[in-house]
Structures are given as C-alpha cells and as structure tokens.
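Enquirer: Got input-v2.pdb for you, PDB, C-alpha atoms and all ligand atoms:
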ATOM      1  CA  MET A   1       0.000   0.000   0.000
ATOM      2  CA  ASP A   2       1.317   3.430  -0.768
ATOM      3  CA  LEU A   3       0.958   6.399   1.515
ATOM      4  CA  PHE A   4      -2.173   7.790  -0.151
ATOM      5  CA  GLU A   5      -3.983   4.489   0.126
ATOM      6  CA  LYS A   6      -3.125   4.297   3.811
ATOM      7  CA  ARG A   7      -4.368   7.838   4.399
ATOM      8  CA  ALA A   8      -7.608   7.232   2.492
ATOM      9  CA  PHE A   9      -8.149   4.043   4.446
ATOM     10  CA  ALA A  10      -7.494   5.779   7.762
ATOM     11  CA  MET A  11      -9.861   8.627   6.854
ATOM     12  CA  ALA A  12     -12.642   6.247   5.832
ATOM     13  CA  LEU A  13     -12.233   4.262   9.025
ATOM     14  CA  SER A  14     -12.251   7.326  11.266
ATOM     15  CA  LEU A  15     -15.369   8.666   9.507
ATOM     16  CA  LEU A  16     -17.145   5.367  10.152
ATOM     17  CA  LEU A  17     -16.176   5.576  13.810
ATOM     18  CA  VAL A  18     -17.437   9.181  14.015
ATOM     19  CA  PHE A  19     -20.803   8.154  12.502
ATOM     20  CA  LEU A  20     -21.103   5.180  14.817
ATOM     21  CA  GLY A  21     -20.320   7.446  17.746
ATOM     22  CA  LEU A  22     -23.017   9.905  16.615
ATOM     23  CA  ILE A  23     -25.606   7.113  16.382
ATOM     24  CA  VAL A  24     -24.766   5.953  19.905
ATOM     25  CA  TYR A  25     -24.861   9.563  21.129
ATOM     26  CA  ALA A  26     -28.288  10.162  19.507
ATOM     27  CA  ALA A  27     -29.709   6.972  21.009
ATOM     28  CA  LYS A  28     -28.250   7.256  24.506
ATOM     29  CA  GLY A  29     -27.426  10.938  24.987
ATOM     30  CA  LEU A  30     -30.377  12.533  23.190
ATOM     31  CA  GLN A  31     -32.824   9.644  23.812
ATOM     32  CA  THR A  32     -33.808   9.569  20.144
ATOM     33  CA  ASP A  33     -36.093   6.655  19.367
ATOM     34  CA  LEU A  34     -38.345   5.200  16.698
ATOM     35  CA  PRO A  35     -41.872   6.670  16.708
ATOM     36  CA  THR A  36     -43.400   3.493  18.118
ATOM     37  CA  CYS A  37     -42.889   3.994  21.809
ATOM     38  CA  LEU A  38     -46.241   4.947  23.271
ATOM     39  CA  PRO A  39     -46.887   3.824  26.814
ATOM     40  CA  PRO A  40     -48.724   0.444  26.528
ATOM     41  CA  GLU A  41     -51.942   1.826  28.077
ATOM     42  CA  THR A  42     -52.090   4.697  25.568
ATOM     43  CA  ALA A  43     -51.444   2.284  22.701
ATOM     44  CA  ARG A  44     -54.282  -0.020  23.849
ATOM     45  CA  GLN A  45     -56.692   2.902  24.167
ATOM     46  CA  PHE A  46     -55.610   4.129  20.756
ATOM     47  CA  ARG A  47     -56.406   0.843  19.044
ATOM     48  CA  LYS A  48     -59.902   0.929  20.555
ATOM     49  CA  ASP A  49     -60.606   4.527  19.543
ATOM     50  CA  VAL A  50     -58.879   4.587  16.193
ATOM     51  CA  GLY A  51     -60.521   6.972  13.706
ATOM     52  CA  SER A  52     -62.174   9.137  16.345
ATOM     53  CA  VAL A  53     -62.139  12.358  18.325
ATOM     54  CA  VAL A  54     -62.249  12.102  22.109
ATOM     55  CA  GLU A  55     -62.871  15.100  24.341
ATOM     56  CA  ILE A  56     -60.412  14.608  27.187
ATOM     57  CA  GLY A  57     -60.986  17.848  29.087
ATOM     58  CA  PRO A  58     -62.183  21.432  28.764
ATOM     59  CA  ASN A  59     -61.205  22.391  25.210
ATOM     60  CA  ARG A  60     -58.803  19.422  25.105
ATOM     61  CA  TYR A  61     -59.122  16.837  22.360
ATOM     62  CA  GLN A  62     -57.429  13.614  21.415
ATOM     63  CA  VAL A  63     -57.708  12.890  17.709
ATOM     64  CA  ASN A  64     -56.944   9.325  16.658
ATOM     65  CA  VAL A  65     -56.131   9.577  12.989
ATOM     66  CA  VAL A  66     -56.065   6.626  10.616
ATOM     67  CA  ALA A  67     -54.631   7.449   7.238
ATOM     68  CA  PHE A  68     -55.593   5.304   4.277
ATOM     69  CA  MET A  69     -55.461   5.357   0.494
ATOM     70  CA  TRP A  70     -56.542   8.172   0.084
ATOM     71  CA  GLY A  71     -57.813  10.054   3.045
ATOM     72  CA  PHE A  72     -57.689  10.652   6.787
ATOM     73  CA  ASN A  73     -60.263   9.194   9.137
ATOM     74  CA  MET A  74     -60.531  11.519  12.137
ATOM     75  CA  GLY A  75     -64.019  10.497  13.256
ATOM     76  CA  THR A  76     -65.207  12.161  10.059
ATOM     77  CA  VAL A  77     -63.250  11.462   6.916
ATOM     78  CA  ASN A  78     -61.023  14.400   5.965
ATOM     79  CA  GLU A  79     -62.665  16.884   8.292
ATOM     80  CA  LEU A  80     -62.177  17.885  11.899
ATOM     81  CA  ARG A  81     -63.928  20.712  13.749
ATOM     82  CA  VAL A  82     -62.602  22.163  16.986
ATOM     83  CA  PRO A  83     -63.354  25.361  18.863
ATOM     84  CA  ARG A  84     -60.902  28.219  18.930
ATOM     85  CA  GLY A  85     -58.137  27.797  21.516
ATOM     86  CA  ALA A  86     -58.466  24.000  21.504
ATOM     87  CA  VAL A  87     -55.411  21.986  22.484
ATOM     88  CA  VAL A  88     -55.361  18.902  20.300
ATOM     89  CA  ASP A  89     -53.294  15.757  20.693
ATOM     90  CA  PHE A  90     -52.815  14.046  17.349
ATOM     91  CA  TYR A  91     -52.126  10.310  17.324
ATOM     92  CA  VAL A  92     -51.533   9.170  13.779
ATOM     93  CA  THR A  93     -51.245   5.773  12.160
ATOM     94  CA  SER A  94     -51.951   4.184   8.789
ATOM     95  CA  ARG A  95     -53.949   1.129   7.841
ATOM     96  CA  ASP A  96     -52.148   0.480   4.524
ATOM     97  CA  VAL A  97     -48.996   2.244   3.335
ATOM     98  CA  MET A  98     -46.886   5.145   4.585
ATOM     99  CA  HIS A  99     -48.561   8.537   4.437
ATOM    100  CA  GLY A 100     -47.717  11.986   5.692
ATOM    101  CA  TYR A 101     -49.738  14.221   8.008
ATOM    102  CA  HIS A 102     -48.812  17.852   7.740
ATOM    103  CA  ILE A 103     -51.126  20.602   8.974
ATOM    104  CA  GLU A 104     -50.388  23.867   7.206
ATOM    105  CA  ARG A 105     -49.403  26.920   9.293
ATOM    106  CA  THR A 106     -48.568  24.667  12.264
ATOM    107  CA  PRO A 107     -45.489  22.688  13.300
ATOM    108  CA  VAL A 108     -47.519  19.444  13.078
ATOM    109  CA  ASN A 109     -45.627  17.323  10.573
ATOM    110  CA  LEU A 110     -45.952  13.583  11.149
ATOM    111  CA  MET A 111     -45.538  10.329   9.306
ATOM    112  CA  ALA A 112     -48.454   7.870   9.259
ATOM    113  CA  ILE A 113     -46.779   4.489   9.491
ATOM    114  CA  PRO A 114     -48.580   1.125   9.495
ATOM    115  CA  GLY A 115     -48.042  -0.558  12.857
ATOM    116  CA  ALA A 116     -46.724   2.560  14.539
ATOM    117  CA  VAL A 117     -48.267   5.628  16.135
ATOM    118  CA  THR A 118     -46.789   9.103  15.823
ATOM    119  CA  TYR A 119     -47.739  11.981  18.040
ATOM    120  CA  ALA A 120     -47.907  15.770  18.130
ATOM    121  CA  ARG A 121     -49.774  18.397  20.152
ATOM    122  CA  HIS A 122     -50.975  21.731  18.890
ATOM    123  CA  LYS A 123     -53.034  24.637  20.225
ATOM    124  CA  PHE A 124     -55.253  26.311  17.632
ATOM    125  CA  ASP A 125     -55.427  30.004  18.575
ATOM    126  CA  GLU A 126     -56.422  31.389  15.182
ATOM    127  CA  PRO A 127     -59.855  30.514  13.775
ATOM    128  CA  GLY A 128     -60.017  29.435  10.175
ATOM    129  CA  GLU A 129     -59.344  26.478   7.927
ATOM    130  CA  TYR A 130     -56.131  24.527   8.126
ATOM    131  CA  MET A 131     -55.372  22.172   5.309
ATOM    132  CA  ILE A 132     -53.941  18.739   6.097
ATOM    133  CA  ILE A 133     -51.836  17.259   3.368
ATOM    134  CA  CYS A 134     -50.202  13.916   2.767
ATOM    135  CA  HIS A 135     -46.592  14.692   1.947
ATOM    136  CA  GLU A 136     -45.372  11.151   1.430
ATOM    137  CA  TYR A 137     -45.917   9.629  -1.998
ATOM    138  CA  CYS A 138     -48.508   6.856  -1.473
ATOM    139  CA  GLY A 139     -49.778   5.873  -4.888
ATOM    140  CA  LEU A 140     -52.030   7.116  -7.668
ATOM    141  CA  GLY A 141     -54.317   9.244  -5.492
ATOM    142  CA  HIS A 142     -51.523  10.846  -3.458
ATOM    143  CA  GLN A 143     -51.956  14.341  -4.882
ATOM    144  CA  ASN A 144     -55.657  14.348  -3.889
ATOM    145  CA  MET A 145     -55.096  13.150  -0.346
ATOM    146  CA  ALA A 146     -55.950  16.127   1.824
ATOM    147  CA  GLY A 147     -58.206  17.026   4.707
ATOM    148  CA  LYS A 148     -58.982  20.094   6.737
ATOM    149  CA  ILE A 149     -59.305  21.275  10.285
ATOM    150  CA  ILE A 150     -61.904  23.958  10.899
ATOM    151  CA  VAL A 151     -61.258  26.091  13.936
ATOM    152  CA  GLU A 152     -64.520  27.816  14.858
TER     153      GLU A 152
HETATM  154 CU1  LIG A 201     -51.080   9.458   1.372
HETATM  155 CU2  LIG A 201     -49.566  10.531  -0.130
END
Could you render the structure from this file as structure tokens?
Expert:
Amino acid sequence: MDLFEKRAFAMALSLLLVFLGLIVYAAKGLQTDLPTCLPPETARQFRKDVGSVVEIGPNRYQVNVVAFMWGFNMGTVNELRVPRGAVVDFYVTSRDVMHGYHIERTPVNLMAIPGAVTYARHKFDEPGEYMIICHEYCGLGHQNMAGKIIVE
C-alpha cells in the first residue's frame, strides 16, 4: 500500500467511527427513538378509539387519525372541527402504506406508518381552515389526499 492508500483508508475508518459514535450519542445521549414507543396503556386505548375524536378535558381533544389510500379518518373522513383555543393531541397511524400528516401553518408534521403511532400536540389560537396534506408519496391518489381542520 502506498501512503495515499493508507491515508484514504485511515480517513474512511475514522469517519465510520465518528458516525457510529453519533448514532450511539443520539440513542443514549439525546434519547432519540423510533416513533413506536407509546406507553402500553395509551397504545391499547388508541387501538380501541382509532378513527375518532375524544374530548379529554375542557377544550382538550385527542384525535386518533387513521390514514388510508386516500384520506384521513378523524371520526369524520377528511374533516375535523374544533373550537378556537383548543389543544389537540394528534395520534396518527396508517392502515395500509406510509402517508404523511402535515397541517399547514402549524409545526404538526408527522408520518403515518402502518403498525406505529406518531404523536404531536398543537393549540389552535387562530380561527379558520387549516389544510392537512399527505406529503409522502402513497400511490395514484396521493396528490388528492388532503383534509382540513376547521377552527370555529
Ligand atoms: Cu397518502 Cu400521499
């Protein structure tokens, strides 16, 4: 091996070690995990109430979203109504393939993954219509897969 080969080899090896170290740091230091880790009780409740809206307190809602080709079941397909100021917990899954769940003008940006449940919470202070779009290609009807949240 000449010197350049040795250097290239050493650089490649040290990069691999850096990446491995970063993965371990993300998992242990930052507690990063796959989006499957709901507490077992929450997961059980979710399976029972899938495709529904549950009022869990004063102006507090839990929305159990099931995405499918091509729509979102949130109690009503593709439509959700909540009062102004509502704090909404979104639990999202899919019954077929991977979909996306992005609510415009909010930070809610989830994946709908078969067999897993993703989660986000948002408070809707501004009344109006918020479009929900699927931003993960999911087949022929992908571009028409959209819903809306109406904040009254
Ligand atoms: Cu569902 Cu794209």
Enquirer: Using 8 Å of padding on each side, determine the axis-aligned box around all atoms of stretch 143-149 of chain A present in the file and give its centre and edge lengths in Å to one decimal, as JSON.
Expert:
{"center_x": -55.6, "center_y": 17.2, "center_z": 2.7, "size_x": 23.3, "size_y": 24.1, "size_z": 31.2}
Enquirer: Just the residues within 10 Å of A:Tyr61, please, counting all atoms listed in the file, with nothing from its chain fewer than 5 positions along; format it as a list in words.
Expert: Val53, Val54, Glu55, Ile56, Val82, Ala86, Val87, Val88, Asp89, Phe90 and Arg121 of chain A
Enquirer: Any chance you can output those residues with C-alpha atoms as a PDB file, in the coordinates of the input?
Expert:
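Heads up, here's the output in part-v1.pdb:
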ATOM      1  CA  VAL A  53     -62.139  12.358  18.325  1.00  0.00           C
ATOM      2  CA  VAL A  54     -62.249  12.102  22.109  1.00  0.00           C
ATOM      3  CA  GLU A  55     -62.871  15.100  24.341  1.00  0.00           C
ATOM      4  CA  ILE A  56     -60.412  14.608  27.187  1.00  0.00           C
ATOM      5  CA  VAL A  82     -62.602  22.163  16.986  1.00  0.00           C
ATOM      6  CA  ALA A  86     -58.466  24.000  21.504  1.00  0.00           C
ATOM      7  CA  VAL A  87     -55.411  21.986  22.484  1.00  0.00           C
ATOM      8  CA  VAL A  88     -55.361  18.902  20.300  1.00  0.00           C
ATOM      9  CA  ASP A  89     -53.294  15.757  20.693  1.00  0.00           C
ATOM     10  CA  PHE A  90     -52.815  14.046  17.349  1.00  0.00           C
ATOM     11  CA  ARG A 121     -49.774  18.397  20.152  1.00  0.00           C
TER      12      ARG A 121
END
Enquirer: Around (-51.2, 5.9, -5.1), as given in the file, which residues come within 12 Å? Count only C-alpha atoms and list them as a list in words.
Expert: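 Those residues, ordered by chain and then number, are Phe68, Met69, Trp70, Gly71, Asp96, Val97, Met98, His99, Cys134, Glu136, Tyr137, Cys138, Gly139, Leu140, Gly141, His142, Gln143, Asn144 and Met145 of chain A.
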Enquirer: Which distance in Å separates atom CA of A:Asp125 and atom CA of A:Val151, to one decimal?
Expert: 8.4 Å
Enquirer: Compute the distance from (-51.5, 14.3, 5.2) to each atom, counting all atoms listed in the file, keep the residues with any atom at most 6 Å away, and return them as a VMD selection string; use the coordinates of the file.
Expert: chain A and resid 100 to 102 132 to 135 146
Enquirer: Find the residue from A:Gly128, A:Pro114, A:Pro58, A:Gly21 that sits nearest to A:Leu80; use only C-alpha atoms when measuring.
Expert: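 Smallest distance to A:Leu80 is found for A:Gly128.
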Enquirer: Please determine, counting all atoms listed in the file, which residue among A:Gly29, A:Gly147, A:Pro83, A:Pro107 has the shortest atom-to-atom distance to ligand LIG 201 (chain A).
Expert: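 Looking only at the distances to ligand LIG 201 (chain A), the closest residue turns out to be A:Gly147.
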Enquirer: Please determine, counting all atoms listed in the file, which residue among A:Thr118, A:Ser94, A:Thr76, A:Asn109 has the shortest atom-to-atom distance to A:Ile149.
Expert: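 Ranked by minimum distance to A:Ile149, first place goes to A:Thr76.
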Enquirer: Just give me the gap between atom CA of A:Glu41 and atom CA of A:Ala26 in Å, one decimal is fine.
Expert: 26.5 Å
Enquirer: How far is it from atom CA of A:Lys28 to atom CA of A:Ser14, in Å with one decimal?
Expert: 20.8 Å
Enquirer: Which residue, A:Phe4, A:Phe19, A:Thr93, A:Gly51, has the smallest gap to ligand LIG 201 (chain A) when you use only C-alpha atoms and all ligand atoms?
Expert: A:Thr93
